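Dropping query20.txt in here (compact mmCIF, C-alpha atoms and all ligand atoms):
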# COMPACT_ATOMS: atom_id res chain seq x y z
CA MET A 1 45.74 -23.12 -4.60
CA LYS A 2 42.08 -23.80 -4.09
CA SER A 3 40.22 -25.63 -6.79
CA PRO A 4 36.65 -26.28 -5.68
CA SER A 5 34.59 -28.43 -8.01
CA PRO A 6 32.43 -26.70 -10.66
CA GLU A 7 29.33 -28.17 -8.92
CA SER A 8 30.28 -26.49 -5.64
CA VAL A 9 30.86 -23.16 -7.35
CA LYS A 10 27.52 -23.51 -9.13
CA LEU A 11 25.81 -24.23 -5.82
CA LEU A 12 27.54 -21.23 -4.27
CA VAL A 13 26.23 -19.00 -7.07
CA THR A 14 22.67 -20.39 -6.73
CA THR A 15 22.87 -19.78 -2.99
CA VAL A 16 23.95 -16.17 -3.55
CA GLN A 17 20.94 -15.70 -5.85
CA GLU A 18 18.59 -17.20 -3.29
CA LEU A 19 20.09 -15.12 -0.50
CA SER A 20 19.71 -11.93 -2.50
CA LEU A 21 15.93 -12.44 -2.35
CA ALA A 22 15.80 -13.25 1.37
CA ARG A 23 14.13 -10.57 3.49
CA ASP A 24 14.27 -12.13 6.96
CA LEU A 25 16.76 -13.97 9.13
CA ASP A 26 14.75 -17.21 9.24
CA THR A 27 14.87 -17.53 5.47
CA VAL A 28 18.60 -16.74 5.44
CA MET A 29 19.31 -19.43 8.04
CA LYS A 30 17.27 -22.05 6.21
CA ILE A 31 19.03 -21.36 2.92
CA VAL A 32 22.47 -21.36 4.54
CA ARG A 33 22.11 -24.52 6.66
CA THR A 34 21.10 -26.53 3.57
CA ALA A 35 23.72 -24.96 1.31
CA ALA A 36 26.44 -25.48 3.93
CA ARG A 37 25.79 -29.20 4.07
CA LYS A 38 25.46 -29.62 0.31
CA LEU A 39 28.55 -27.56 -0.52
CA THR A 40 30.92 -29.92 1.27
CA GLY A 41 28.81 -33.05 1.23
CA ALA A 42 29.05 -33.10 5.04
CA ASP A 43 26.80 -35.21 7.28
CA GLY A 44 25.55 -32.17 9.13
CA ALA A 45 25.60 -28.38 9.21
CA THR A 46 24.68 -25.85 11.89
CA PHE A 47 23.91 -22.16 11.81
CA VAL A 48 25.06 -20.46 15.00
CA LEU A 49 24.15 -16.94 16.06
CA ARG A 50 26.05 -14.86 18.57
CA ASP A 51 23.68 -13.98 21.39
CA GLY A 52 25.67 -11.74 23.75
CA ASP A 53 28.17 -14.08 25.49
CA LEU A 54 26.36 -17.16 24.24
CA CYS A 55 26.39 -19.20 21.04
CA TYR A 56 22.88 -19.94 19.92
CA TYR A 57 22.54 -23.03 17.72
CA ALA A 58 19.65 -21.62 15.70
CA GLU A 59 19.39 -23.99 12.73
CA GLU A 60 20.74 -27.33 11.60
CA ASP A 61 20.54 -29.83 8.79
CA ALA A 62 22.05 -33.19 9.77
CA ILE A 63 21.69 -36.98 9.58
CA SER A 64 20.66 -36.98 13.25
CA PRO A 65 19.95 -34.21 15.79
CA LEU A 66 22.74 -31.91 16.92
CA TRP A 67 22.06 -28.95 19.24
CA LYS A 68 19.28 -26.96 17.55
CA GLY A 69 17.73 -24.50 20.02
CA SER A 70 20.59 -24.77 22.58
CA ARG A 71 22.79 -21.98 23.89
CA PHE A 72 26.38 -22.48 25.11
CA PRO A 73 28.84 -19.99 26.61
CA MET A 74 31.21 -18.58 23.97
CA ASP A 75 34.33 -19.82 25.74
CA ILE A 76 33.39 -23.48 25.90
CA CYS A 77 32.04 -24.19 22.40
CA ILE A 78 33.89 -24.36 19.11
CA SER A 79 31.64 -21.84 17.36
CA GLY A 80 32.53 -19.44 20.18
CA TRP A 81 36.20 -20.17 19.58
CA ALA A 82 35.83 -19.40 15.83
CA MET A 83 34.04 -16.15 16.61
CA LEU A 84 36.41 -15.02 19.38
CA ASN A 85 39.50 -15.87 17.28
CA ARG A 86 37.94 -14.65 14.02
CA GLN A 87 39.19 -17.68 12.12
CA PRO A 88 38.06 -21.15 11.09
CA ALA A 89 38.41 -24.12 13.44
CA VAL A 90 39.29 -27.25 11.45
CA ILE A 91 39.38 -30.45 13.51
CA GLU A 92 40.06 -33.99 12.28
CA ASP A 93 39.54 -35.74 15.63
CA ILE A 94 37.22 -33.81 17.89
CA TYR A 95 38.01 -35.98 20.94
CA ALA A 96 41.69 -35.13 20.63
CA ASP A 97 41.08 -31.39 20.64
CA SER A 98 40.99 -29.47 23.93
CA ARG A 99 38.72 -26.78 22.47
CA ILE A 100 35.89 -29.29 22.12
CA PRO A 101 33.49 -29.93 25.03
CA ALA A 102 33.50 -33.70 24.53
CA ASP A 103 30.41 -34.30 26.66
CA ALA A 104 28.26 -32.24 24.34
CA TYR A 105 29.46 -34.29 21.37
CA ARG A 106 29.20 -37.79 22.79
CA PRO A 107 25.45 -38.17 22.08
CA THR A 108 26.03 -37.02 18.48
CA PHE A 109 27.43 -38.67 15.34
CA VAL A 110 30.22 -36.09 14.99
CA LYS A 111 33.82 -37.22 14.57
CA SER A 112 35.34 -34.32 12.55
CA LEU A 113 34.30 -30.73 11.96
CA ALA A 114 34.99 -27.38 10.38
CA MET A 115 33.59 -24.17 11.86
CA VAL A 116 33.91 -20.76 10.22
CA PRO A 117 32.96 -17.32 11.61
CA ILE A 118 30.29 -15.19 9.89
CA ARG A 119 31.92 -11.76 9.32
CA THR A 120 35.56 -12.12 10.27
CA ILE A 121 35.80 -8.58 11.61
CA ASP A 122 33.45 -8.60 14.59
CA PRO A 123 31.72 -11.99 14.01
CA ILE A 124 27.94 -12.22 14.36
CA GLY A 125 27.68 -15.99 14.07
CA ALA A 126 29.29 -19.13 12.72
CA ILE A 127 28.59 -21.95 10.29
CA GLY A 128 29.63 -25.50 11.13
CA ASN A 129 30.13 -28.67 9.09
CA TYR A 130 30.25 -32.11 10.70
CA TRP A 131 31.29 -35.56 9.54
CA ALA A 132 30.33 -38.94 10.96
CA VAL A 133 33.64 -40.50 9.95
CA GLN A 134 36.94 -39.18 11.11
CA ARG A 135 38.61 -37.16 8.34
CA GLN A 136 40.57 -33.99 7.82
CA PRO A 137 38.28 -31.34 6.24
CA THR A 138 40.03 -30.21 3.06
CA GLU A 139 41.29 -26.72 2.30
CA ASP A 140 38.66 -26.48 -0.46
CA GLU A 141 35.86 -27.37 1.90
CA VAL A 142 36.94 -24.75 4.42
CA TRP A 143 37.31 -22.18 1.64
CA LEU A 144 33.80 -22.93 0.34
CA LEU A 145 32.37 -22.74 3.83
CA GLN A 146 34.12 -19.44 4.55
CA SER A 147 32.89 -18.02 1.21
CA LEU A 148 29.35 -18.99 2.18
CA ALA A 149 29.84 -17.35 5.59
CA ASP A 150 31.10 -14.13 3.96
CA ILE A 151 28.04 -13.94 1.69
CA THR A 152 25.84 -14.72 4.69
CA ALA A 153 27.37 -11.80 6.59
CA VAL A 154 26.47 -9.35 3.81
CA THR A 155 22.98 -10.82 3.53
CA MET A 156 22.37 -10.54 7.27
CA GLU A 157 23.42 -6.89 7.19
CA ASN A 158 21.04 -6.28 4.27
CA VAL A 159 18.23 -8.07 6.08
CA ASN A 160 18.81 -5.79 9.08
CA VAL A 161 18.79 -2.65 6.95
CA TYR A 162 15.66 -3.87 5.19
CA ALA A 163 13.88 -4.67 8.47
CA GLU A 164 14.85 -1.28 9.91
CA LEU A 165 13.58 0.50 6.81
CA GLU A 166 10.36 -1.46 6.87
CA GLN A 167 9.88 -0.62 10.52
CA ARG A 168 10.54 3.06 9.84
CA VAL A 169 8.07 3.09 6.95
CA LYS A 170 5.48 1.45 9.19
CA GLU A 171 6.03 4.01 11.95
CA ARG A 172 5.89 6.93 9.51
CA THR A 173 2.72 5.57 7.92
CA LEU A 174 1.09 5.29 11.34
CA GLN A 175 2.21 8.81 12.21
CA LEU A 176 0.88 10.15 8.92
CA GLU A 177 -2.41 8.35 9.36
CA ALA A 178 -2.77 9.82 12.85
CA ILE A 179 -1.96 13.34 11.60
CA ASN A 180 -4.37 12.88 8.73
CA LYS A 181 -7.13 11.82 11.10
CA GLU A 182 -6.43 14.79 13.37
CA LEU A 183 -6.46 17.18 10.43
CA GLU A 184 -9.67 15.74 9.20
CA ALA A 185 -11.32 15.96 12.62
CA PHE A 186 -10.17 19.58 12.80
CA SER A 187 -11.47 20.40 9.30
CA TYR A 188 -14.72 18.68 10.13
CA SER A 189 -15.34 20.71 13.28
CA VAL A 190 -14.27 23.98 11.62
CA SER A 191 -16.56 23.33 8.66
CA HIS A 192 -19.35 22.40 11.00
CA ASP A 193 -18.92 25.50 13.19
CA LEU A 194 -18.79 27.78 10.15
CA ARG A 195 -22.34 26.90 9.25
CA ALA A 196 -24.08 28.94 11.98
CA PRO A 197 -22.29 32.29 11.36
CA LEU A 198 -22.74 31.77 7.63
CA ARG A 199 -26.46 31.25 8.09
CA ALA A 200 -26.56 34.48 10.12
CA ILE A 201 -24.77 36.43 7.36
CA ARG A 202 -27.22 35.14 4.81
CA SER A 203 -30.34 35.66 6.90
CA TYR A 204 -29.39 39.20 7.93
CA THR A 205 -28.56 40.14 4.37
CA GLU A 206 -31.93 38.75 3.25
CA ILE A 207 -33.65 40.78 5.98
CA LEU A 208 -31.75 43.84 4.81
CA GLN A 209 -32.96 43.23 1.27
CA GLU A 210 -36.54 42.48 2.18
CA ASP A 211 -37.30 44.87 5.06
CA HIS A 212 -34.99 47.76 4.26
CA VAL A 213 -35.19 47.78 0.51
CA GLY A 214 -36.12 51.45 0.54
CA ASN A 215 -32.84 52.38 2.17
CA LEU A 216 -30.77 50.53 -0.42
CA SER A 217 -29.45 52.05 -3.62
CA ASP A 218 -29.13 49.91 -6.75
CA GLU A 219 -25.47 49.42 -5.90
CA GLY A 220 -26.49 48.41 -2.34
CA ARG A 221 -28.89 45.79 -3.73
CA ARG A 222 -26.24 44.52 -6.12
CA ILE A 223 -23.82 44.11 -3.23
CA THR A 224 -26.35 42.36 -0.98
CA ASN A 225 -27.13 39.97 -3.84
CA LYS A 226 -23.46 39.18 -4.11
CA ILE A 227 -23.25 38.55 -0.35
CA ILE A 228 -26.20 36.15 -0.51
CA LYS A 229 -24.73 34.35 -3.52
CA GLY A 230 -21.34 34.08 -1.81
CA ALA A 231 -22.86 32.79 1.43
CA THR A 232 -25.01 30.27 -0.47
CA ASP A 233 -22.01 28.96 -2.45
CA MET A 234 -19.95 28.70 0.69
CA GLY A 235 -22.80 26.89 2.46
CA LEU A 236 -22.94 24.34 -0.35
CA LEU A 237 -19.19 23.94 -0.29
CA ILE A 238 -19.31 23.27 3.44
CA ASP A 239 -22.16 20.80 3.01
CA HIS A 240 -20.16 18.92 0.37
CA LEU A 241 -17.08 18.91 2.56
CA LEU A 242 -19.07 17.56 5.50
CA THR A 243 -20.52 14.85 3.26
CA PHE A 244 -16.99 13.96 2.16
CA PHE A 245 -15.80 13.65 5.76
CA LYS A 246 -18.90 11.73 6.83
CA THR A 247 -18.50 9.05 4.16
CA ASP A 248 -15.56 7.70 6.15
CA LYS A 249 -17.42 7.66 9.45
CA LYS A 250 -20.76 6.29 8.38
CA GLU A 251 -21.46 2.63 9.16
CA LEU A 252 -22.03 0.77 5.90
CA ALA A 253 -25.60 -0.54 5.70
CA LYS A 254 -25.14 -3.01 2.87
CA THR A 255 -28.05 -4.35 0.90
CA THR A 256 -28.68 -5.47 -2.66
CA ILE A 257 -28.93 -2.45 -4.92
CA PRO A 258 -30.83 -2.60 -8.20
CA MET A 259 -28.30 -0.47 -10.06
CA LYS A 260 -30.31 0.12 -13.21
CA THR A 261 -33.34 1.35 -11.25
CA MET A 262 -31.13 3.57 -9.15
CA VAL A 263 -29.46 5.11 -12.20
CA THR A 264 -32.77 5.59 -14.02
CA ASP A 265 -34.26 7.35 -10.98
CA ILE A 266 -31.27 9.65 -10.70
CA VAL A 267 -31.37 10.54 -14.39
CA ASP A 268 -35.15 11.13 -14.22
CA THR A 269 -34.83 13.52 -11.30
CA LEU A 270 -31.73 15.34 -12.49
CA LYS A 271 -32.21 19.06 -12.42
CA ILE A 272 -31.07 19.66 -15.95
CA PRO A 273 -32.30 22.67 -17.80
CA GLU A 274 -33.56 20.13 -20.39
CA LYS A 275 -34.78 22.73 -22.81
CA GLU A 276 -31.42 24.37 -22.96
CA ARG A 277 -29.61 21.11 -23.34
CA ASN A 278 -29.70 18.33 -25.87
CA ILE A 279 -28.65 15.25 -23.95
CA GLU A 280 -29.02 11.67 -25.05
CA PHE A 281 -28.82 9.16 -22.21
CA HIS A 282 -28.12 5.49 -22.91
CA ILE A 283 -28.69 3.36 -19.86
CA GLY A 284 -27.70 -0.26 -20.31
CA GLU A 285 -28.67 -3.35 -18.37
CA MET A 286 -26.69 -3.61 -15.15
CA PRO A 287 -26.31 -6.35 -12.57
CA ASP A 288 -27.37 -5.59 -9.00
CA ALA A 289 -24.66 -4.64 -6.56
CA LYS A 290 -24.03 -5.11 -2.85
CA GLY A 291 -23.49 -1.86 -1.01
CA ASP A 292 -24.83 0.98 1.07
CA PRO A 293 -27.60 2.43 -1.13
CA SER A 294 -27.32 6.00 0.17
CA LEU A 295 -23.58 6.04 -0.54
CA ILE A 296 -23.71 4.23 -3.88
CA LYS A 297 -26.38 6.71 -4.92
CA GLN A 298 -23.90 9.50 -4.25
CA VAL A 299 -21.38 7.74 -6.50
CA TRP A 300 -23.81 7.64 -9.41
CA GLU A 301 -25.09 11.17 -8.74
CA ASN A 302 -21.60 12.63 -8.78
CA LEU A 303 -20.51 10.76 -11.90
CA ILE A 304 -23.71 11.52 -13.77
CA THR A 305 -23.84 15.22 -12.80
CA ASN A 306 -20.20 15.50 -13.84
CA ALA A 307 -21.02 13.93 -17.22
CA VAL A 308 -23.89 16.41 -17.62
CA LYS A 309 -21.76 19.34 -16.47
CA TYR A 310 -18.67 18.60 -18.56
CA THR A 311 -20.69 18.06 -21.75
CA GLY A 312 -22.20 21.52 -21.17
CA HIS A 313 -20.40 23.08 -24.13
CA LYS A 314 -21.42 20.35 -26.60
CA GLU A 315 -24.16 20.81 -29.15
CA LYS A 316 -25.34 17.33 -28.40
CA ALA A 317 -24.29 15.43 -25.33
CA VAL A 318 -24.24 11.64 -25.34
CA ILE A 319 -23.95 9.99 -21.93
CA GLU A 320 -23.68 6.24 -21.72
CA ILE A 321 -24.17 4.49 -18.40
CA GLY A 322 -23.77 0.76 -18.08
CA ASN A 323 -21.40 -2.04 -17.29
CA HIS A 324 -19.03 -4.44 -18.91
CA ASN A 325 -16.82 -7.33 -17.92
CA ASN A 326 -13.12 -6.55 -18.11
CA GLY A 327 -12.05 -10.17 -17.69
CA LYS A 328 -11.59 -9.81 -13.92
CA GLY A 329 -15.18 -8.97 -13.13
CA ASN A 330 -17.99 -6.54 -13.55
CA VAL A 331 -17.17 -2.87 -14.13
CA TYR A 332 -19.76 -0.08 -13.99
CA HIS A 333 -19.11 2.91 -16.19
CA VAL A 334 -20.27 6.42 -17.07
CA LYS A 335 -18.99 7.69 -20.42
CA ASP A 336 -19.53 11.09 -21.98
CA ASN A 337 -18.50 12.99 -25.10
CA GLY A 338 -17.76 16.22 -23.24
CA ALA A 339 -14.73 18.38 -22.48
CA GLY A 340 -12.65 15.42 -21.35
CA PHE A 341 -9.43 15.99 -19.44
CA ASN A 342 -5.71 15.69 -19.83
CA MET A 343 -4.39 12.35 -18.51
CA GLN A 344 -1.19 14.19 -17.55
CA TYR A 345 -3.06 15.57 -14.52
CA TYR A 346 -4.73 12.27 -13.65
CA ASP A 347 -3.15 12.35 -10.16
CA LYS A 348 -5.30 15.34 -9.24
CA LEU A 349 -8.59 13.94 -10.50
CA PHE A 350 -9.72 12.26 -7.28
CA ALA A 351 -8.07 14.68 -4.81
CA VAL A 352 -10.07 17.12 -2.68
CA PHE A 353 -10.33 20.67 -4.08
CA GLN A 354 -8.39 19.70 -7.20
CA ARG A 355 -9.95 20.62 -10.51
CA LEU A 356 -8.77 20.09 -14.05
CA HIS A 357 -10.97 22.85 -15.46
CA THR A 358 -11.18 26.51 -14.51
CA ALA A 359 -14.25 28.01 -12.83
CA GLU A 360 -14.76 30.06 -16.03
CA GLU A 361 -15.09 26.86 -18.09
CA PHE A 362 -17.13 24.86 -15.58
CA ASN A 363 -18.05 25.69 -12.00
CA GLY A 364 -17.45 23.29 -9.11
CA ASN A 365 -15.54 22.73 -5.91
CA GLY A 366 -13.53 19.62 -6.71
CA ILE A 367 -15.01 17.53 -3.92
CA GLY A 368 -17.34 15.26 -5.90
CA LEU A 369 -14.82 12.72 -7.19
CA ALA A 370 -12.91 12.64 -3.88
CA THR A 371 -16.17 11.62 -2.20
CA VAL A 372 -16.88 9.06 -4.91
CA GLN A 373 -13.43 7.52 -4.52
CA ARG A 374 -13.80 7.31 -0.75
CA ILE A 375 -17.13 5.56 -1.04
CA VAL A 376 -15.89 3.06 -3.62
CA HIS A 377 -12.75 2.31 -1.58
CA ARG A 378 -14.78 1.90 1.60
CA HIS A 379 -16.78 -0.73 -0.24
CA GLY A 380 -13.55 -2.47 -1.21
CA GLY A 381 -13.91 -1.51 -4.86
CA GLN A 382 -11.73 0.35 -7.31
CA ILE A 383 -12.26 3.46 -9.38
CA TRP A 384 -10.38 4.88 -12.33
CA ALA A 385 -10.95 7.08 -15.36
CA GLU A 386 -9.83 7.88 -18.87
CA GLY A 387 -10.09 11.16 -20.67
CA LYS A 388 -8.98 13.07 -23.73
CA PRO A 389 -9.30 16.83 -24.03
CA GLY A 390 -12.24 17.74 -26.25
CA GLU A 391 -13.29 14.14 -26.77
CA GLY A 392 -14.89 13.09 -23.52
CA ALA A 393 -14.28 11.17 -20.36
CA SER A 394 -15.08 7.71 -19.00
CA PHE A 395 -15.30 6.78 -15.35
CA PHE A 396 -15.17 3.17 -14.16
CA PHE A 397 -15.74 1.53 -10.81
CA THR A 398 -16.04 -1.93 -9.34
CA LEU A 399 -17.73 -3.22 -6.20
CA PRO A 400 -16.88 -6.58 -4.65
CA SER A 401 -19.72 -9.01 -5.21
CA PHE A 402 -19.82 -10.55 -1.70
N1 LIG A 501 -16.96 13.83 -16.90
C1 LIG A 501 -15.89 14.61 -16.83
N2 LIG A 501 -15.32 15.13 -17.94
C2 LIG A 501 -14.23 15.92 -17.85
N3 LIG A 501 -13.63 16.26 -16.71
C3 LIG A 501 -14.15 15.78 -15.57
C4 LIG A 501 -15.30 14.94 -15.55
N4 LIG A 501 -15.57 14.63 -14.28
C5 LIG A 501 -14.64 15.26 -13.54
N5 LIG A 501 -13.79 15.95 -14.30
C6 LIG A 501 -12.64 16.76 -13.87
O1 LIG A 501 -12.29 16.35 -12.58
C7 LIG A 501 -12.34 17.44 -11.67
C8 LIG A 501 -12.80 16.92 -10.31
O2 LIG A 501 -14.16 16.50 -10.40
P1 LIG A 501 -15.10 16.66 -9.15
O3 LIG A 501 -16.41 16.07 -9.45
O4 LIG A 501 -14.35 16.17 -7.97
O5 LIG A 501 -15.19 18.21 -8.95
P2 LIG A 501 -16.11 19.30 -9.63
O6 LIG A 501 -17.08 18.67 -10.57
O7 LIG A 501 -15.19 20.30 -10.21
O8 LIG A 501 -16.83 19.94 -8.40
P3 LIG A 501 -17.92 19.28 -7.42
O9 LIG A 501 -17.25 19.25 -6.10
O10 LIG A 501 -19.07 20.20 -7.48
O11 LIG A 501 -18.22 17.91 -7.93
C9 LIG A 501 -13.30 18.41 -12.32
O12 LIG A 501 -13.02 19.73 -11.86
C10 LIG A 501 -13.00 18.22 -13.78
O13 LIG A 501 -11.88 18.99 -14.15
MG MG A 502 -18.30 17.02 -9.73
Take the structure I supplied and represent it as structure tokens, if you would.
Amino acid sequence: MKSPSPESVKLLVTTVQELSLARDLDTVMKIVRTAARKLTGADGATFVLRDGDLCYYAEEDAISPLWKGSRFPMDICISGWAMLNRQPAVIEDIYADSRIPADAYRPTFVKSLAMVPIRTIDPIGAIGNYWAVQRQPTEDEVWLLQSLADITAVTMENVNVYAELEQRVKERTLQLEAINKELEAFSYSVSHDLRAPLRAIRSYTEILQEDHVGNLSDEGRRITNKIIKGATDMGLLIDHLLTFFKTDKKELAKTTIPMKTMVTDIVDTLKIPEKERNIEFHIGEMPDAKGDPSLIKQVWENLITNAVKYTGHKEKAVIEIGNHNNGKGNVYHVKDNGAGFNMQYYDKLFAVFQRLHTAEEFNGNGIGLATVQRIVHRHGGQIWAEGKPGEGASFFFTLPSF
């Protein structure tokens, strides 16, 4: 019976582990050619791939060059013989064996060899071992080599499946991206084209109210008010949607942005019904950033108006705007003590039209944070948030400092 040395078995196990991590054929061949030589202590090893009717000597590890890069017809080389006969070829004296094309071996060091097929049913390649002194390869050596070839067969099949999957994922991603772009172009043009008829509805209703007020009952006036309100809300919604779409198209005009000044200006010009609200703003020192000022302004405006909006039910709102270093770099933040949100629905937070509060609690369209995320991502930054119902929310973003 076979009794390979513990070292060989150990090496076989290590090779299996290495192969299990391989994701492409090149890596597999490199691992196998080295392992094949080490396993038997041979003077050379080759990795041969079946290429139609040819044997392709794809890789080798040997004391001096063998046939790396060459192709030979299946029926005149020994790897072809092993593949066609689905069994090992074990040869003590290569020059005494009719299966060996002696001319191809004369320039080499080879005197003896063992060649095993990769995948005995329907071989896809072969692994060879070569010795510079004439000797009979042992049963153990052939067994070790065949075991390596069997593992290699499984690995090569896995690599193929993996490559196919990867290719399919790539194709699907491209398809999805194309569909997404098409959908977005469609939504953009629909939104854009809706503006004119909407303006007409609003203007005519206003004319009705102003010039024909005598013909309108109280109920008629109430209804026309509702139409104007509806048309105005829809107009704003469309404007926000168009802004969202445009953020992806706009060329970035990057400059240095004095973040603290920008934030202070926004807070100063916020249209907050100050008298009705008790809001305490804390604006910390902040390093300048590199970015497109008009877009970064939208980021701050959205985050700050959200903080103002979602603290609307608090006696006293405290909004803290600033930055900190999280160990990896600078992080800007907006923190509030408002309604907060449930982290369970975090996935929806930055998606278009998704809201974590009802219109009765807080009004809104759910486009603000989607726009913010797009802008931050376009700048190569990251954005995330934390929230707890009733206790407030914190929004964080980074911008690369190049
Ligand atoms: N500071 C905050 N505190 C609590 N919840 C927030 C906060 N900011 C955002 N949210 C939640 O995230 C959702 C999405 O925010 P987003 O700004 O995109 O939309 P919106 O404020 O509802 O509408 P708009 O499009 O007018 O900004 C909000 O509906 C709200 O549920
Ligand atoms: Mg908002």
Residues near Ala36 in chain A, cut-off 12 Å, only C-alpha atoms, skip fewer than 2 positions along chain, as a PyMOL selection string:
chain A and resi 8+11-12+15+28-34+38-47+59-62+114-116+126-130+141-149+151-152
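Interatomic distance, CA of Tyr310 in chain A against CA of Ile279 in chain A: 11.8 Å.
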Let me see if you get this right: every residue at most 6 Å from ligand LIG 501 (chain A), counting only C-alpha atoms and all ligand atoms, written as an mmCIF file with C-alpha atoms, in the coordinates of the input.
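The resulting file, pocket_37.cif, is reproduced below:
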data_model
loop_
_atom_site.group_PDB
_atom_site.id
_atom_site.type_symbol
_atom_site.label_atom_id
_atom_site.label_comp_id
_atom_site.auth_asym_id
_atom_site.auth_seq_id
_atom_site.Cartn_x
_atom_site.Cartn_y
_atom_site.Cartn_z
ATOM 1 C CA ASN A 306 -20.200 15.500 -13.840
ATOM 2 C CA ALA A 307 -21.020 13.930 -17.220
ATOM 3 C CA TYR A 310 -18.670 18.600 -18.560
ATOM 4 C CA GLY A 338 -17.760 16.220 -23.240
ATOM 5 C CA ALA A 339 -14.730 18.380 -22.480
ATOM 6 C CA GLY A 340 -12.650 15.420 -21.350
ATOM 7 C CA PHE A 341 -9.430 15.990 -19.440
ATOM 8 C CA LEU A 349 -8.590 13.940 -10.500
ATOM 9 C CA ARG A 355 -9.950 20.620 -10.510
ATOM 10 C CA LEU A 356 -8.770 20.090 -14.050
ATOM 11 C CA HIS A 357 -10.970 22.850 -15.460
ATOM 12 C CA GLY A 364 -17.450 23.290 -9.110
ATOM 13 C CA ASN A 365 -15.540 22.730 -5.910
ATOM 14 C CA GLY A 366 -13.530 19.620 -6.710
ATOM 15 C CA ILE A 367 -15.010 17.530 -3.920
ATOM 16 C CA GLY A 368 -17.340 15.260 -5.900
ATOM 17 C CA LEU A 369 -14.820 12.720 -7.190
ATOM 18 C CA ALA A 370 -12.910 12.640 -3.880
ATOM 19 C CA GLY A 392 -14.890 13.090 -23.520
ATOM 20 C CA ALA A 393 -14.280 11.170 -20.360
#
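With CA of Asp150 in chain A on one side and CA of Glu166 in chain A on the other, the separation reads 24.5 Å.
Residues with any atom within 8 Å of Val159 in chain A, counting only C-alpha atoms and excluding same-chain neighbours fewer than 3 positions away, are Ala22, Arg23, Asp24, Leu25, Thr155, Met156, Tyr162 and Ala163 of chain A.
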Point (-22.9, -0.5, 8.7) neighbourhood (12 Å, all atoms listed in the file) written as a ChimeraX atom specification:
/A:247-255,291-295,378-379
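Separating CA of Asn326 in chain A from CA of Lys309 in chain A is a distance of 27.3 Å.
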